[in-house]
file upload.txt (compact mmCIF, C-alpha atoms and all ligand atoms)
# COMPACT_ATOMS: atom_id res chain seq x y z
CA MET A 781 26.24 104.41 -161.19
CA LYS A 782 26.34 102.67 -157.86
CA ARG A 783 23.85 103.40 -155.17
CA LEU A 784 25.74 104.66 -152.15
CA ARG A 785 26.04 102.14 -149.38
CA THR A 786 24.49 104.64 -147.01
CA GLY A 787 21.22 104.43 -148.88
CA HIS A 788 21.33 107.73 -150.68
CA LEU A 789 19.20 108.03 -153.71
CA ARG A 790 20.65 109.21 -156.96
CA VAL A 791 18.60 110.45 -159.84
CA GLY A 792 19.59 108.39 -162.85
CA GLY A 793 21.35 105.88 -160.64
CA PHE A 794 20.14 102.69 -159.08
CA ALA A 795 17.07 104.29 -157.61
CA THR A 796 14.05 104.09 -159.84
CA LEU A 797 13.01 107.38 -161.33
CA ALA A 798 9.74 107.18 -159.44
CA VAL A 799 11.46 106.81 -156.08
CA ALA A 800 13.93 109.54 -156.96
CA ALA A 801 11.11 111.83 -158.00
CA VAL A 802 9.38 111.35 -154.66
CA MET A 803 12.63 112.13 -152.86
CA VAL A 804 13.12 115.29 -154.89
CA ALA A 805 9.55 116.36 -154.22
CA VAL A 806 9.91 115.83 -150.47
CA LEU A 807 13.16 117.75 -150.40
CA ALA A 808 12.12 120.56 -152.66
CA SER A 809 8.56 121.24 -151.70
CA ALA A 810 7.66 120.06 -148.26
CA GLY A 811 5.34 122.35 -146.32
CA ALA A 812 8.21 124.45 -145.06
CA ALA A 813 9.60 125.07 -148.50
CA THR A 814 6.31 126.14 -150.01
CA GLY A 815 5.29 128.16 -147.01
CA SER A 816 1.79 126.80 -147.39
CA THR A 817 -0.39 127.16 -144.34
CA ASN A 818 -0.21 124.34 -141.92
CA ARG A 819 -3.17 122.16 -142.73
CA VAL A 820 -2.67 120.13 -139.58
CA ASN A 821 -4.06 122.14 -136.71
CA SER A 822 -2.00 122.05 -133.55
CA PRO A 823 -4.57 123.10 -130.94
CA SER A 824 -2.32 122.00 -128.09
CA LEU A 825 0.48 124.40 -129.05
CA THR A 826 0.35 127.69 -127.18
CA LYS A 827 -0.07 130.71 -129.42
CA GLY A 828 1.55 134.10 -128.93
CA GLN A 829 4.90 132.85 -127.61
CA THR A 830 8.22 134.34 -128.70
CA VAL A 831 11.05 132.10 -129.87
CA TYR A 832 14.64 133.29 -130.42
CA PHE A 833 16.39 131.71 -133.38
CA ILE A 834 20.14 132.12 -132.86
CA PRO A 835 21.97 130.92 -135.99
CA LYS A 836 25.76 130.45 -136.21
CA ASP A 837 25.73 133.92 -137.76
CA THR A 838 23.20 136.11 -139.54
CA VAL A 839 25.02 136.33 -142.88
CA ASN A 840 25.53 132.72 -143.97
CA PRO A 841 22.82 131.99 -146.60
CA TYR A 842 22.38 128.45 -145.22
CA GLU A 843 21.56 129.81 -141.77
CA VAL A 844 19.28 132.49 -143.24
CA ILE A 845 17.25 129.83 -145.09
CA ALA A 846 17.04 127.65 -141.95
CA ASP A 847 15.74 130.63 -139.98
CA GLN A 848 13.15 131.31 -142.68
CA GLY A 849 11.88 127.76 -142.18
CA GLY A 850 11.50 128.48 -138.47
CA LYS A 851 9.54 131.61 -139.22
CA ILE A 852 7.13 129.63 -141.41
CA SER A 853 6.33 127.08 -138.72
CA LEU A 854 6.15 129.57 -135.85
CA THR A 855 3.84 131.81 -137.88
CA ALA A 856 1.61 128.81 -138.67
CA ILE A 857 1.43 128.03 -134.95
CA GLY A 858 0.69 131.68 -134.05
CA ASP A 859 4.04 132.32 -132.37
CA LYS A 860 6.62 135.01 -133.03
CA GLN A 861 10.20 134.53 -134.20
CA VAL A 862 13.13 136.80 -133.37
CA VAL A 863 16.37 136.07 -135.26
CA SER A 864 19.45 137.27 -133.42
CA SER A 865 23.17 136.45 -133.60
CA GLY A 866 26.52 137.92 -134.55
CA THR A 867 28.24 138.10 -137.90
CA SER A 868 31.14 135.76 -137.13
CA ASP A 869 30.90 132.17 -135.93
CA THR A 870 31.96 132.51 -132.32
CA ALA A 871 30.23 131.65 -129.06
CA ALA A 872 30.97 135.18 -127.80
CA ALA A 873 28.94 136.62 -130.66
CA GLN A 874 25.94 134.44 -129.72
CA GLU A 875 25.96 135.03 -125.96
CA PRO A 876 24.27 138.49 -126.03
CA SER A 877 21.38 136.99 -128.03
CA ILE A 878 20.82 134.31 -125.38
CA GLN A 879 20.93 136.97 -122.68
CA THR A 880 18.35 139.06 -124.50
CA ALA A 881 16.08 136.03 -124.91
CA ILE A 882 16.29 135.44 -121.16
CA GLU A 883 15.77 139.10 -120.24
CA THR A 884 12.77 139.52 -122.52
CA GLY A 885 11.07 136.36 -121.25
CA ALA A 886 11.19 134.33 -124.46
CA ALA A 887 9.38 130.98 -124.40
CA GLY A 888 12.06 129.22 -126.41
CA ILE A 889 15.52 129.37 -127.96
CA VAL A 890 16.62 127.53 -131.10
CA ILE A 891 20.38 127.79 -131.50
CA ALA A 892 23.06 126.51 -133.89
CA GLY A 893 26.03 126.29 -131.52
CA ASN A 894 29.36 127.76 -132.51
CA ASP A 895 30.95 125.89 -129.63
CA PRO A 896 29.69 122.87 -127.68
CA ALA A 897 30.72 124.08 -124.20
CA ALA A 898 31.23 127.84 -124.22
CA LEU A 899 27.51 128.65 -124.53
CA CYS A 900 26.48 126.45 -121.62
CA PRO A 901 26.47 129.02 -118.80
CA GLU A 902 23.90 131.11 -120.72
CA LEU A 903 21.89 128.16 -122.04
CA ASN A 904 21.73 126.58 -118.57
CA GLN A 905 20.55 129.90 -117.20
CA ALA A 906 17.81 129.95 -119.85
CA MET A 907 16.69 126.41 -119.02
CA ALA A 908 16.66 127.28 -115.31
CA LYS A 909 14.16 130.01 -116.23
CA LYS A 910 12.01 127.36 -117.97
CA ILE A 911 12.87 128.58 -121.45
CA ALA A 912 12.72 125.68 -123.94
CA VAL A 913 16.22 125.21 -125.40
CA VAL A 914 16.60 123.38 -128.70
CA THR A 915 19.78 123.14 -130.77
CA PHE A 916 19.66 122.68 -134.52
CA ASP A 917 22.35 122.33 -137.18
CA SER A 918 25.21 122.35 -134.63
CA ASP A 919 24.75 120.88 -131.16
CA THR A 920 25.86 122.07 -127.71
CA ASN A 921 26.43 120.14 -124.48
CA CYS A 922 23.44 121.77 -122.80
CA ARG A 923 19.98 121.71 -124.35
CA GLN A 924 16.76 119.73 -124.21
CA LEU A 925 16.67 118.49 -127.79
CA PHE A 926 18.91 118.57 -130.87
CA ILE A 927 17.36 118.79 -134.33
CA ASN A 928 19.89 116.95 -136.44
CA GLN A 929 19.77 117.55 -140.20
CA ALA A 930 20.68 113.93 -140.94
CA ASN A 931 22.41 111.00 -139.29
CA THR A 932 25.87 112.27 -138.27
CA GLN A 933 27.69 109.04 -139.09
CA GLN A 934 25.99 108.78 -142.48
CA ILE A 935 27.05 112.31 -143.43
CA GLY A 936 30.70 111.70 -142.51
CA GLU A 937 30.94 108.30 -144.17
CA SER A 938 29.17 109.31 -147.35
CA GLU A 939 31.41 112.33 -147.91
CA VAL A 940 34.46 110.05 -147.98
CA GLN A 941 32.62 107.51 -150.16
CA ILE A 942 31.82 110.16 -152.75
CA LEU A 943 35.34 111.58 -152.76
CA GLY A 944 36.95 108.13 -152.83
CA LYS A 945 34.89 107.04 -155.80
CA GLU A 946 35.72 110.24 -157.71
CA MET A 947 39.43 110.06 -156.84
CA GLY A 948 39.66 106.40 -157.87
CA TYR A 949 40.54 105.71 -154.21
CA LYS A 950 44.01 107.15 -154.71
CA GLY A 951 45.91 110.27 -153.66
CA GLN A 952 46.06 113.04 -151.09
CA PHE A 953 43.09 115.08 -149.95
CA ALA A 954 42.38 117.85 -147.46
CA ILE A 955 39.30 118.90 -145.54
CA LEU A 956 38.10 122.50 -145.63
CA SER A 957 35.97 122.91 -142.53
CA ALA A 958 34.19 125.83 -140.86
CA GLU A 959 35.14 127.03 -137.33
CA SER A 960 37.47 124.69 -135.45
CA THR A 961 34.92 124.67 -132.60
CA ALA A 962 31.86 123.85 -134.77
CA THR A 963 30.23 120.77 -133.23
CA ASN A 964 28.56 119.62 -136.45
CA GLN A 965 31.67 119.83 -138.67
CA ASN A 966 33.85 118.19 -136.02
CA ALA A 967 31.40 115.31 -135.59
CA TRP A 968 31.23 114.73 -139.36
CA ILE A 969 35.03 114.87 -139.68
CA ALA A 970 35.39 112.30 -136.89
CA TRP A 971 33.21 109.91 -138.91
CA MET A 972 35.19 110.67 -142.08
CA LYS A 973 38.31 109.53 -140.25
CA VAL A 974 36.59 106.33 -139.14
CA GLU A 975 35.52 105.61 -142.73
CA MET A 976 39.10 106.24 -143.91
CA LYS A 977 40.32 103.29 -141.82
CA LYS A 978 38.72 100.83 -144.26
CA PRO A 979 41.16 98.98 -146.59
CA LEU A 980 39.34 100.50 -149.57
CA TYR A 981 41.02 103.82 -148.76
CA LYS A 982 44.55 102.52 -148.13
CA ASN A 983 45.94 104.56 -151.02
CA MET A 984 44.15 107.75 -149.99
CA GLN A 985 45.65 110.10 -147.46
CA LEU A 986 44.03 112.92 -145.48
CA VAL A 987 46.85 115.49 -145.31
CA LYS A 988 45.29 118.23 -143.19
CA VAL A 989 42.07 119.79 -141.90
CA TYR A 990 41.85 123.49 -142.74
CA TYR A 991 39.43 125.96 -141.16
CA GLY A 992 37.76 128.67 -143.24
CA ASN A 993 35.54 129.81 -140.31
CA ASP A 994 32.48 129.90 -142.57
CA ASP A 995 33.84 133.17 -143.89
CA PRO A 996 34.02 133.30 -147.70
CA ALA A 997 37.29 135.29 -147.83
CA THR A 998 39.06 133.06 -145.30
CA SER A 999 37.77 129.95 -147.04
CA LEU A 1000 39.12 131.18 -150.38
CA GLN A 1001 42.45 131.94 -148.79
CA VAL A 1002 42.85 128.54 -147.17
CA THR A 1003 41.87 126.83 -150.42
CA GLU A 1004 44.77 128.61 -152.07
CA SER A 1005 47.09 127.70 -149.18
CA MET A 1006 46.29 124.00 -149.26
CA LEU A 1007 46.88 123.78 -153.01
CA GLN A 1008 50.23 125.50 -152.59
CA ALA A 1009 51.25 123.43 -149.56
CA TYR A 1010 50.29 120.13 -151.21
CA PRO A 1011 51.03 120.32 -154.96
CA ASN A 1012 49.87 116.71 -155.39
CA LEU A 1013 46.53 117.31 -153.73
CA LYS A 1014 43.83 115.35 -155.57
CA GLY A 1015 40.75 116.10 -153.51
CA ILE A 1016 38.96 118.40 -151.07
CA ILE A 1017 35.99 117.69 -148.83
CA ALA A 1018 34.29 120.85 -147.57
CA PRO A 1019 31.48 119.89 -145.17
CA THR A 1020 30.23 123.46 -145.06
CA THR A 1021 28.18 125.37 -147.61
CA VAL A 1022 30.45 128.41 -147.24
CA GLY A 1023 33.59 126.31 -147.62
CA ILE A 1024 32.49 124.33 -150.66
CA SER A 1025 31.17 127.36 -152.54
CA SER A 1026 34.39 129.31 -151.86
CA ALA A 1027 36.60 126.38 -152.85
CA ALA A 1028 34.54 125.86 -156.02
CA GLN A 1029 34.89 129.53 -156.89
CA TYR A 1030 38.66 129.24 -156.49
CA LEU A 1031 38.99 126.01 -158.47
CA ALA A 1032 36.71 127.19 -161.28
CA HIS A 1033 39.16 129.95 -162.16
CA SER A 1034 42.37 128.00 -161.67
CA LYS A 1035 44.49 125.38 -163.37
CA TYR A 1036 43.11 122.85 -160.86
CA LYS A 1037 39.62 122.89 -162.37
CA GLY A 1038 38.57 119.33 -163.20
CA LYS A 1039 41.85 118.01 -161.75
CA VAL A 1040 41.26 118.48 -158.04
CA ILE A 1041 38.04 116.75 -156.98
CA LEU A 1042 35.80 118.82 -154.73
CA THR A 1043 32.80 117.54 -152.80
CA GLY A 1044 31.11 118.28 -149.49
CA LEU A 1045 27.92 119.91 -148.29
CA GLY A 1046 26.59 122.69 -150.47
CA LEU A 1047 23.53 124.75 -151.23
CA PRO A 1048 22.19 123.84 -154.69
CA SER A 1049 21.57 127.55 -155.37
CA GLN A 1050 25.24 128.39 -154.77
CA MET A 1051 26.69 125.26 -156.36
CA LYS A 1052 24.59 124.98 -159.50
CA GLU A 1053 27.02 126.92 -161.68
CA TYR A 1054 29.93 124.74 -160.57
CA LEU A 1055 28.05 121.54 -161.38
CA TYR A 1056 27.20 122.91 -164.80
CA ASP A 1057 30.76 124.10 -165.57
CA GLY A 1058 32.33 120.82 -164.44
CA THR A 1059 34.22 122.13 -161.39
CA VAL A 1060 32.20 119.79 -159.14
CA ALA A 1061 30.41 116.52 -159.97
CA GLU A 1062 28.38 115.92 -156.83
CA PHE A 1063 27.79 117.11 -153.30
CA GLU A 1064 25.25 116.53 -150.57
CA LEU A 1065 22.78 118.42 -148.41
CA TRP A 1066 19.24 118.44 -147.07
CA ASN A 1067 16.69 121.23 -147.16
CA PRO A 1068 17.80 123.79 -144.55
CA ARG A 1069 14.35 125.41 -144.69
CA ASN A 1070 12.82 122.15 -143.51
CA LEU A 1071 15.41 121.97 -140.73
CA GLY A 1072 14.32 125.33 -139.34
CA TYR A 1073 10.66 124.47 -139.87
CA LEU A 1074 11.05 121.26 -137.87
CA ALA A 1075 12.97 123.09 -135.13
CA GLY A 1076 10.12 125.62 -134.87
CA TYR A 1077 7.58 122.87 -134.21
CA ALA A 1078 9.91 121.11 -131.77
CA VAL A 1079 10.59 124.18 -129.65
CA ALA A 1080 6.89 125.09 -129.63
CA ALA A 1081 5.97 121.55 -128.53
CA ILE A 1082 8.41 121.77 -125.60
CA ALA A 1083 7.41 125.31 -124.65
CA SER A 1084 3.74 124.25 -124.76
CA HIS A 1085 4.47 121.14 -122.62
CA VAL A 1086 3.24 118.83 -125.38
CA ILE A 1087 6.54 116.92 -125.10
CA THR A 1088 8.87 116.71 -122.10
CA PRO A 1089 11.02 115.78 -124.13
CA LYS A 1090 12.02 112.12 -123.75
CA VAL A 1091 12.89 109.12 -125.92
CA GLY A 1092 9.97 107.72 -127.91
CA GLN A 1093 7.77 110.80 -127.70
CA THR A 1094 6.38 111.99 -131.00
CA PHE A 1095 5.24 115.36 -132.21
CA ARG A 1096 3.72 116.71 -135.36
CA ALA A 1097 5.84 119.09 -137.45
CA GLY A 1098 3.11 120.57 -139.64
CA ASN A 1099 3.29 119.51 -143.25
CA LEU A 1100 6.50 117.52 -142.70
CA GLY A 1101 4.60 114.97 -140.63
CA THR A 1102 5.34 113.25 -137.34
CA TYR A 1103 8.79 112.92 -135.77
CA THR A 1104 10.01 110.67 -132.96
CA ILE A 1105 12.57 111.63 -130.35
CA ILE A 1106 15.52 109.25 -130.22
CA LYS A 1107 18.75 109.01 -128.26
CA GLY A 1108 21.70 110.68 -130.00
CA VAL A 1109 25.36 111.02 -129.04
CA GLY A 1110 24.95 114.16 -126.93
CA GLY A 1111 21.43 113.42 -125.66
CA LEU A 1112 17.96 113.52 -127.17
CA GLN A 1113 17.61 114.24 -130.85
CA VAL A 1114 15.28 114.25 -133.82
CA VAL A 1115 16.65 113.56 -137.29
CA LEU A 1116 15.22 115.50 -140.25
CA GLY A 1117 16.02 112.87 -142.89
CA PRO A 1118 18.73 111.38 -145.09
CA PRO A 1119 21.14 113.62 -146.99
CA PHE A 1120 20.58 113.95 -150.70
CA VAL A 1121 23.18 113.82 -153.49
CA PHE A 1122 22.97 116.73 -155.94
CA THR A 1123 24.30 116.39 -159.48
CA LYS A 1124 23.95 118.50 -162.60
CA ALA A 1125 21.02 116.28 -163.58
CA ASN A 1126 18.85 117.17 -160.58
CA VAL A 1127 20.16 120.46 -159.19
CA GLY A 1128 17.84 122.59 -161.31
CA GLN A 1129 14.84 121.38 -159.33
CA PHE A 1130 15.73 122.99 -156.02
CA ASN A 1131 14.98 126.46 -154.73
CA PHE A 1132 17.37 126.74 -151.79
C1 LIG A 1201 27.46 125.79 -143.28
C2 LIG A 1201 27.38 125.81 -141.79
C3 LIG A 1201 26.30 124.91 -141.26
C4 LIG A 1201 26.34 123.55 -141.93
C5 LIG A 1201 26.26 123.69 -143.40
C6 LIG A 1201 26.35 122.38 -144.13
O1 LIG A 1201 26.49 126.63 -143.83
O2 LIG A 1201 28.61 125.44 -141.26
O3 LIG A 1201 26.45 124.77 -139.88
O4 LIG A 1201 25.31 122.73 -141.49
O5 LIG A 1201 27.34 124.50 -143.83
call {"tool": "encode", "arguments": {"input": "upload.txt", "output": "structure tokens", "more": "lines below"}}
Ligand code: RAM
result
Amino acid sequence: MKRLRTGHLRVGGFATLAVAAVMVAVLASAGAATGSTNRVNSPSLTKGQTVYFIPKDTVNPYEVIADQGGKISLTAIGDKQVVSSGTSDTAAAQEPSIQTAIETGAAGIVIAGNDPAALCPELNQAMAKKIAVVTFDSDTNCRQLFINQANTQQIGESEVQILGKEMGYKGQFAILSAESTATNQNAWIAWMKVEMKKPLYKNMQLVKVYYGNDDPATSLQVTESMLQAYPNLKGIIAPTTVGISSAAQYLAHSKYKGKVILTGLGLPSQMKEYLYDGTVAEFELWNPRNLGYLAGYAVAAIASHVITPKVGQTFRAGNLGTYTIIKGVGGLQVVLGPPFVFTKANVGQFNF
């Protein structure tokens, strides 16, 4: 099997087993994942502060796991976490949580934006009150730092590379996204379209981007619609854990199983059965628990004035180690690490 151009490691592929094993260990059992106490003391971080974690919604298992990671780091620091959001992925559902954070004098906000612009009046108000504002998972236009799960370009490109390889670089495919306003999905899709311009993909055609709103029922419904609308559809990329698990559920019980290629970003816990039954061959992700854990340390470092933040500054994220602030597309960011390709050979080793 070829090693992906983007540098992903594949168990049983080009990567040596030793390297792959290290990668699996990092992903599966970093400090955040084990919940072990932070062995690296952070004396400079202020204890007793309250941080609001505002996920895209409170029901998506991916977001729940990311918030758990935040709780682990904030608890290790001696801070308190409040998780607050709506149940659907809209900016309007997140606004009351930001307001409450401001009114109750929170030290920090960590938010996965459902919309890049619509949340800015509230987030700017929070920053004006000296509340540390960090985005994670999905960025907004107004924040001090974005905790990016992986390089945005790499995620977009690699999704198309995986699908192309599995489709034999031929045929129609559709994208099943989350909310149409989701900054993260839209950024990944933009890079997918750039990748598609390469001659390698000249016989592949992106027919349409569908939106399942990170709602399982809607995602199932649009999967059905796209297969009806495009009877020759050969592939689906769902860069959302809700989308890919819903599409896999649909395909697994349909005549399209094994015929329509499905890949995207999925939780190993939700996708395991579909790797084992042959509905899906591979998909990507990172450890969402580590994402939240890293965001917890980042927001605490800003709220404690350990970082300003600015380019080149570093901070310690407990058992995950030291991270450096770099310049991203929308401003300052920190990148958790490369995405990982899950297959039926390695999926059993993950607990998220
Ligand atoms: C869904 C959400 C989230 C995204 C993951 C991959 O759970 O849309 O924002 O990062 O998928």
call {"tool": "closest_residue", "arguments": {"input": "upload.txt", "among": "A:Glu946, A:Glu1053, A:Glu902, A:Asp919", "to": "ligand LIG 1201 (chain A)", "atoms": "all atoms listed in the file"}}
result
A:Asp919
call {"tool": "atom_distance", "arguments": {"input": "upload.txt", "atom1": "atom CA of Val831 of chain A", "atom2": "atom CA of Leu1065 of chain A"}}
result
25.9 Å
call {"tool": "residues_near_point", "arguments": {"input": "upload.txt", "point": "(21.5, 138.8, -118.1)", "cutoff": "12 Å", "atoms": "only C-alpha atoms", "output": "ChimeraX atom specification"}}
result
/A:875-885,901-903,905-906,909
call {"tool": "residues_around", "arguments": {"input": "upload.txt", "residues": "Phe916 of chain A", "least_positions_apart": "2", "cutoff": "8 Å", "atoms": "all atoms listed in the file", "output": "list in words"}}
result
Val890, Ile891, Ala892, Gly893, Val914, Ser918, Asp919, Phe926, Ile927, Asn928, Gln929, Leu1071, Gly1072 and Ala1075 of chain A
call {"tool": "residues_around", "arguments": {"input": "upload.txt", "residues": "Ala958 of chain A", "least_positions_apart": "6", "cutoff": "7 Å", "atoms": "all atoms listed in the file", "output": "list in words"}}
result
Gln965, Tyr991, Gly992, Asn993, Asp994, Thr1020 and Gly1023 of chain A
call {"tool": "axis_aligned_box", "arguments": {"input": "upload.txt", "around": "segment 1095-1101 of chain A", "padding_each_side": "3 Å", "output": "lines of an AutoDock Vina configuration file"}}
result
center_x = 4.8
center_y = 117.8
center_z = -137.7
size_x = 9.4
size_y = 11.6
size_z = 17.0
call {"tool": "atom_distance", "arguments": {"input": "upload.txt", "atom1": "atom CA of Ala930 of chain A", "atom2": "atom CA of Phe1130 of chain A"}}
result
18.3 Å
call {"tool": "atom_distance", "arguments": {"input": "upload.txt", "atom1": "atom CA of Asp995 of chain A", "atom2": "atom CA of Ala1061 of chain A"}}
result
23.4 Å
call {"tool": "closest_residue", "arguments": {"input": "upload.txt", "among": "A:Val913, A:Ala856, A:Leu1007, A:Ala967", "to": "Asn931 of chain A", "atoms": "only C-alpha atoms"}}
result
A:Ala967
call {"tool": "closest_residue", "arguments": {"input": "upload.txt", "among": "A:Phe1095, A:Trp1066, A:Tyr1054, A:Tyr1073", "to": "ligand LIG 1201 (chain A)", "atoms": "all atoms listed in the file"}}
result
A:Trp1066
call {"tool": "closest_residue", "arguments": {"input": "upload.txt", "among": "A:Ala962, A:Leu1116, A:Ala1028, A:Ala897", "to": "ligand LIG 1201 (chain A)", "atoms": "only C-alpha atoms and all ligand atoms"}}
result
A:Ala962
call {"tool": "closest_residue", "arguments": {"input": "upload.txt", "among": "A:Ala912, A:Leu825, A:Ala1027, A:Leu1047", "to": "ligand LIG 1201 (chain A)", "atoms": "all atoms listed in the file"}}
result
A:Leu1047
call {"tool": "closest_residue", "arguments": {"input": "upload.txt", "among": "A:Met976, A:Ile857, A:Val1121, A:Ile1024", "to": "ligand LIG 1201 (chain A)", "atoms": "only C-alpha atoms and all ligand atoms"}}
result
A:Ile1024
